[in-house]
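K.L.:
Quick one: the structure is below, questions incoming.
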Amino acid sequence: MRGRLGVASAAVAVLLLAGCTGARPEPSPTTTSSSPATPSASFVFATPAAPANLDPALTRDVESTRVTRQVMEGLVTADPNTGEPRPSLAQSWTTSADGRTWTFALRPGVLFHDGTAFTAAAVCANFQRWYTMPVSLRSDRASLGFQNVFGAYSDQPDQSLYRGCSTQGTTRVTLTLNDQFPTLLKALSAPAFAIASPASLTSKRADQLTERRGDRFVSGFGQHPVGTGPYRFVSWRGNDVVLASFDRYWGERGQIASLTFRTIREPLQRLAALRAGTVDGFDGVTREAFAPLAQAGDQIVQRDPYSVAYLGINQDFGPLSDPKVRQAIAYAIDKPTLVKNYFVDGTEIANQFVPPRLAVTSDTVQRYDTDVARAKQLLSASSYRGQAIPFAYPRTVALPYLQAPEKVYAEVARQLTAVGLNIKPVPIAWADGYADSVVTGSGYGLHLLGLTGTYRDPDNFLGPLFGAPSPEFGYRNAQVFSKIDRARTLPDGADRTAAYRNIADQISSDLPAVPLAFPVSALALSPRVSSYPVSSTYDEVFNAVRLG
């Protein structure tokens, strides 16, 4: 168990142990249990932010995929303890000797929520949709799942890992790749590869952003997803997304009949709602909330660190193209103070971007331990002449990798100002499209962001962040891009580990961003919850929740 509490009841300690050590696997949707055959309970779960889009192919934020994981399923899922692939819509699979052909035997008799049948043709229709994604849908969205895994779309076939999809009857499907990719199965467990009803993709104009949701446009499918999961979509009104148990689900339906995800942005309001009994649990437990929760004997579940928080540096912004300025920024930051004051206990300081649990940590990365004098010397010897540096940070949100972003910003800005940098604050509400704004390079010099892994592999972190030219960082090191492309094709072993360590070393020298922390995230639950399927990748499906 990575986290610790200053004051905790025995019940809290037991739940933390069960949730964090991996000693006791939670029931999966494919297992049987003593839960009733027909769900009857209502359950309300409070989230710190609203979903951006309920089409998992077009979003990467946790709050969107938290919902879509209930509604849609992929060919494979991941073991909650090991991260290894497990059957889901595919019951089994084989691969060719050259690793370029994968054949899946599909689960028969599965229905989409619209009543249409799940078949091999449906799988190929989804892959074809992802491969031919219109430029208009990918031009303003960095790091979409298909691009991260397969590299490119149909307009750049020579650069894409994806070659094609073919069917053999209704229950066998074959994916063909242009190169070997040993971690394909792990990647396919990510929410971006959930299989949607082809009929609904067409009827709800999935590839046309025509309907307004808050400050942005989404498709009809993005407001009403249709999959094969244990819950079907009911409504999305105001702060509530409502789902209902699907009565023709192929697996275990669990105990919850009505599931509501309710957006409550303020941490203390989420806590008050739990105490009042209007919600059954909430995510985004902040450091300040731990003590009152523990003292009251509330259940707190921590996830093992599988996120990285970082300070992004846009090298396209004036003086930040100077390596000495980026180094001065890195030496100015006091990471121990940040972690101690603004992150949940158990959070680890980060000196590279891949979480330690993946066992590819490099011992030879360039470290930037706090050194104010050196930061000032570097800045004095650089091209920096006091220009204002816009520093963007998110407001009114608690993120898995930044539970208190406004406080982290204030401390980092103070540290940077102390060494002589002229920092211009740019606060942006998360709900106003903060993430899209910074990852598409909107003229900010610095920004706070992070990445939560969706499957357990180093490429899941290095690929989206540094695997291609990025407007977020203005980073264009072709050698690093080539090394990442090569590393992902290597089988597990010493060569692959050495490749990722070498990449970490080079990124630490280039400094496109400063890694800050591998944060612990936590959620609180009411006494009626006896078991919750905690996952470091947020693969938490509520038909596996057990109620006392």
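By convention here, the chains of the structure tokens are called A, B, ... in the order presented, each chain's residues are numbered starting at 1, and ligands are numbered starting at 1 in the order presented.
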Just want the 12 Å neighbourhood of Thr103 in chain A, counted on only C-alpha atoms, with same-chain residues fewer than 3 positions away dropped. Output as a ChimeraX atom specification.
P.N.:
/A:75,90-96,99-100,106,120,123,164-168,171-177,185
K.L.:
Show which residues sit within 6 Å of range 305-321 of chain A, as a ChimeraX atom specification. Count only C-alpha atoms, and ignore same-chain residues fewer than 6 positions away.
P.N.:
/A:384,401,445-453,473-474,512-520,536
K.L.:
I'd like the contact shell of Ala332 in chain A - 9 Å cut-off, only C-alpha atoms, skipping same-chain residues fewer than 6 positions apart - returned as number ranges by chain.
P.N.:
A: 368-376, 412, 415-416, 418-419
K.L.:
Using only C-alpha atoms, determine which residues lie at most 12 Å from Ala273 in chain A, disregarding the query and same-chain residues fewer than 2 positions distant; provide the list as a ChimeraX atom specification.
P.N.:
/A:44-47,262-271,275-282,524-526
K.L.:
Within range 171-214 of chain A, find each residue whose DSSP state, derived from the backbone, is strand (DSSP E or B), and express the selection as a list of chain:residue names.
P.N.:
A:Arg172, A:Val173, A:Thr174, A:Leu175, A:Thr176, A:Leu177, A:Ile195, A:Glu211, A:Arg212, A:Arg213
K.L.:
Excluding Arg456 in chain A and residues on its chain fewer than 3 positions from it, collect all residues at most 10 Å away from it, counting only C-alpha atoms, and give them as a ChimeraX atom specification.
P.N.:
/A:78,82-85,183,186-187,189-190,306,355,357-358,453,459-461,536-537
K.L.:
Would you write out those residues with C-alpha atoms, as a PDB file, in the first residue's frame?
P.N.:
ATOM      1  CA  ALA A  78      -7.278  -5.870 -18.360  1.00  0.00           C
ATOM      2  CA  THR A  82      -1.514  -7.416 -13.306  1.00  0.00           C
ATOM      3  CA  GLY A  83      -2.780  -5.318 -16.222  1.00  0.00           C
ATOM      4  CA  GLU A  84      -2.555  -8.369 -18.478  1.00  0.00           C
ATOM      5  CA  PRO A  85      -5.231  -8.774 -21.194  1.00  0.00           C
ATOM      6  CA  THR A 183       1.580  -4.886 -26.755  1.00  0.00           C
ATOM      7  CA  LYS A 186      -2.855  -4.260 -23.808  1.00  0.00           C
ATOM      8  CA  ALA A 187      -3.521  -1.237 -25.995  1.00  0.00           C
ATOM      9  CA  SER A 189      -8.019  -2.687 -23.478  1.00  0.00           C
ATOM     10  CA  ALA A 190      -7.971   1.143 -23.453  1.00  0.00           C
ATOM     11  CA  TYR A 306      -0.375   5.489 -12.538  1.00  0.00           C
ATOM     12  CA  PRO A 355       5.634   5.420 -13.585  1.00  0.00           C
ATOM     13  CA  ARG A 357       5.633   0.244 -11.554  1.00  0.00           C
ATOM     14  CA  LEU A 358       6.481  -0.386 -15.224  1.00  0.00           C
ATOM     15  CA  GLY A 453      -2.406   5.716 -18.133  1.00  0.00           C
ATOM     16  CA  ASP A 459       4.377   3.470 -24.720  1.00  0.00           C
ATOM     17  CA  ASN A 460       1.088   4.555 -23.153  1.00  0.00           C
ATOM     18  CA  PHE A 461       2.990   7.493 -21.628  1.00  0.00           C
ATOM     19  CA  SER A 536      -5.003   2.416 -11.321  1.00  0.00           C
ATOM     20  CA  THR A 537      -6.177   2.891 -14.929  1.00  0.00           C
TER      21      THR A 537
END
K.L.:
Need the shell around Asn148 in chain A: protein/DNA/RNA residues with any atom at most 12 Å away, counting only C-alpha atoms. Skip same-chain ones fewer than 5 positions apart. Format as JSON, numbers by chain?
P.N.:
{"A": [57, 60, 130, 138, 141, 142, 143, 153, 160, 161, 162, 184, 187, 188, 190, 192, 193, 454, 459, 460, 461, 462, 463, 464, 465, 466, 467, 468, 484, 485, 488]}
K.L.:
Counting only C-alpha atoms, which residue out of A:Pro458, A:Thr38, A:Thr440, A:Pro390 sits closest to Pro356 in chain A?
P.N.:
A:Pro458
K.L.:
Neighbouring residues of range 195-198 of chain A were defined as those with any atom within 9 Å, considering only C-alpha atoms; residues of the same chain fewer than 2 positions away were excluded. Please report them as a list in words.
P.N.:
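The neighbour list is Asp55, Met72, Glu73, Gly74, Leu75, Leu89, Phe112, His113, Asp114, Thr116, Ala117, Phe118, Ala122, Val123, Ala125, Asn126, Phe127, Ala192, Phe193, Ser200, Leu201, Thr202, Ser203, Pro225, Val226, Gly227 and Thr228 of chain A.
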K.L.:
Would you mind exporting the chosen residues as a PDB file, in the first residue's frame, restricted to C-alpha atoms?
P.N.:
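What ended up in part.pdb:
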ATOM      1  CA  ASP A  55     -17.552   9.122 -27.661  1.00  0.00           C
ATOM      2  CA  MET A  72     -19.163   0.282 -24.096  1.00  0.00           C
ATOM      3  CA  GLU A  73     -16.705  -2.619 -24.106  1.00  0.00           C
ATOM      4  CA  GLY A  74     -13.615  -3.558 -26.073  1.00  0.00           C
ATOM      5  CA  LEU A  75     -12.397  -6.836 -27.487  1.00  0.00           C
ATOM      6  CA  LEU A  89     -16.041  -9.199 -26.331  1.00  0.00           C
ATOM      7  CA  PHE A 112     -25.833  -3.701 -28.545  1.00  0.00           C
ATOM      8  CA  HIS A 113     -28.203  -1.554 -26.508  1.00  0.00           C
ATOM      9  CA  ASP A 114     -30.121  -0.620 -29.662  1.00  0.00           C
ATOM     10  CA  THR A 116     -28.568  -4.918 -33.079  1.00  0.00           C
ATOM     11  CA  ALA A 117     -26.184  -7.864 -32.944  1.00  0.00           C
ATOM     12  CA  PHE A 118     -22.502  -7.622 -32.067  1.00  0.00           C
ATOM     13  CA  ALA A 122     -19.348  -4.493 -36.290  1.00  0.00           C
ATOM     14  CA  VAL A 123     -15.751  -4.774 -35.092  1.00  0.00           C
ATOM     15  CA  ALA A 125     -16.816  -1.095 -38.930  1.00  0.00           C
ATOM     16  CA  ASN A 126     -15.371   0.474 -35.781  1.00  0.00           C
ATOM     17  CA  PHE A 127     -11.760  -0.012 -36.879  1.00  0.00           C
ATOM     18  CA  ALA A 192     -10.628   4.438 -26.928  1.00  0.00           C
ATOM     19  CA  PHE A 193     -11.101   1.002 -28.525  1.00  0.00           C
ATOM     20  CA  SER A 200     -25.988   4.147 -33.904  1.00  0.00           C
ATOM     21  CA  LEU A 201     -22.747   5.617 -35.274  1.00  0.00           C
ATOM     22  CA  THR A 202     -24.653   6.226 -38.489  1.00  0.00           C
ATOM     23  CA  SER A 203     -27.999   7.329 -37.081  1.00  0.00           C
ATOM     24  CA  PRO A 225     -23.291   6.389 -26.739  1.00  0.00           C
ATOM     25  CA  VAL A 226     -24.522   2.908 -27.628  1.00  0.00           C
ATOM     26  CA  GLY A 227     -22.433  -0.144 -26.805  1.00  0.00           C
ATOM     27  CA  THR A 228     -22.660  -3.636 -25.316  1.00  0.00           C
TER      28      THR A 228
END
K.L.:
What does the distance between CA of Arg212 in chain A and CA of Pro56 in chain A come to in Å, to one decimal place?
P.N.:
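The value is 17.4 Å.
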K.L.:
I'd like the interatomic distance between CA of Pro336 in chain A and CA of Arg395 in chain A, to a tenth of an Å.
P.N.:
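Interatomic distance, CA of Pro336 in chain A to CA of Arg395 in chain A: 22.9 Å.
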K.L.:
Which is closest to Arg66 in chain A among A:Val339, A:Val241, A:Val234, A:Leu209, if we use only C-alpha atoms?
P.N.:
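Ranked by minimum distance to Arg66 in chain A, first place goes to A:Val241.
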K.L.:
DSSP on the backbone, then: every residue of range 254-488 of chain A marked helix (DSSP H, G or I), written as a ChimeraX atom specification.
P.N.:
/A:267-276,287-295,318-321,323-332,335-342,356-358,372-380,405-418,430-432,434-439,459-466,478-487
K.L.:
I need the residue nearest Trp430 in chain A from this list: A:Ile329, A:Ala350, A:Ala498, A:Ala50. Use only C-alpha atoms for the distance.
P.N.:
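Selected residue with least distance to Trp430 in chain A: A:Ala50.
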K.L.:
Counting only C-alpha atoms, figure out which residue out of A:Val529, A:Ile503, A:Ile389, A:Ile423 gets nearest to Thr364 in chain A.
P.N.:
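The shortest atom-to-atom distance to Thr364 in chain A comes from A:Ile503.
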K.L.:
Which distance in Å separates CA of Ala381 in chain A and CA of Gly420 in chain A, to one decimal?
P.N.:
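If I compute the distance from CA of Ala381 in chain A to CA of Gly420 in chain A, I get 12.3 Å.
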K.L.:
Given the choices A:Pro134, A:Ala431, A:Asp179, A:Thr417, which gets closest to Asp158 in chain A if the distance is worked out from only C-alpha atoms?
P.N.:
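Once distances to Asp158 in chain A are computed over only C-alpha atoms, the minimum belongs to A:Asp179.
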K.L.:
So, with only C-alpha atoms as the atoms that count, which of A:Phe181, A:Asp505, A:Leu421, A:Val67 lies closest to Ala388 in chain A?
P.N.:
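Going through A:Phe181, A:Asp505, A:Leu421, A:Val67 one by one, the smallest distance to Ala388 in chain A is for A:Leu421.
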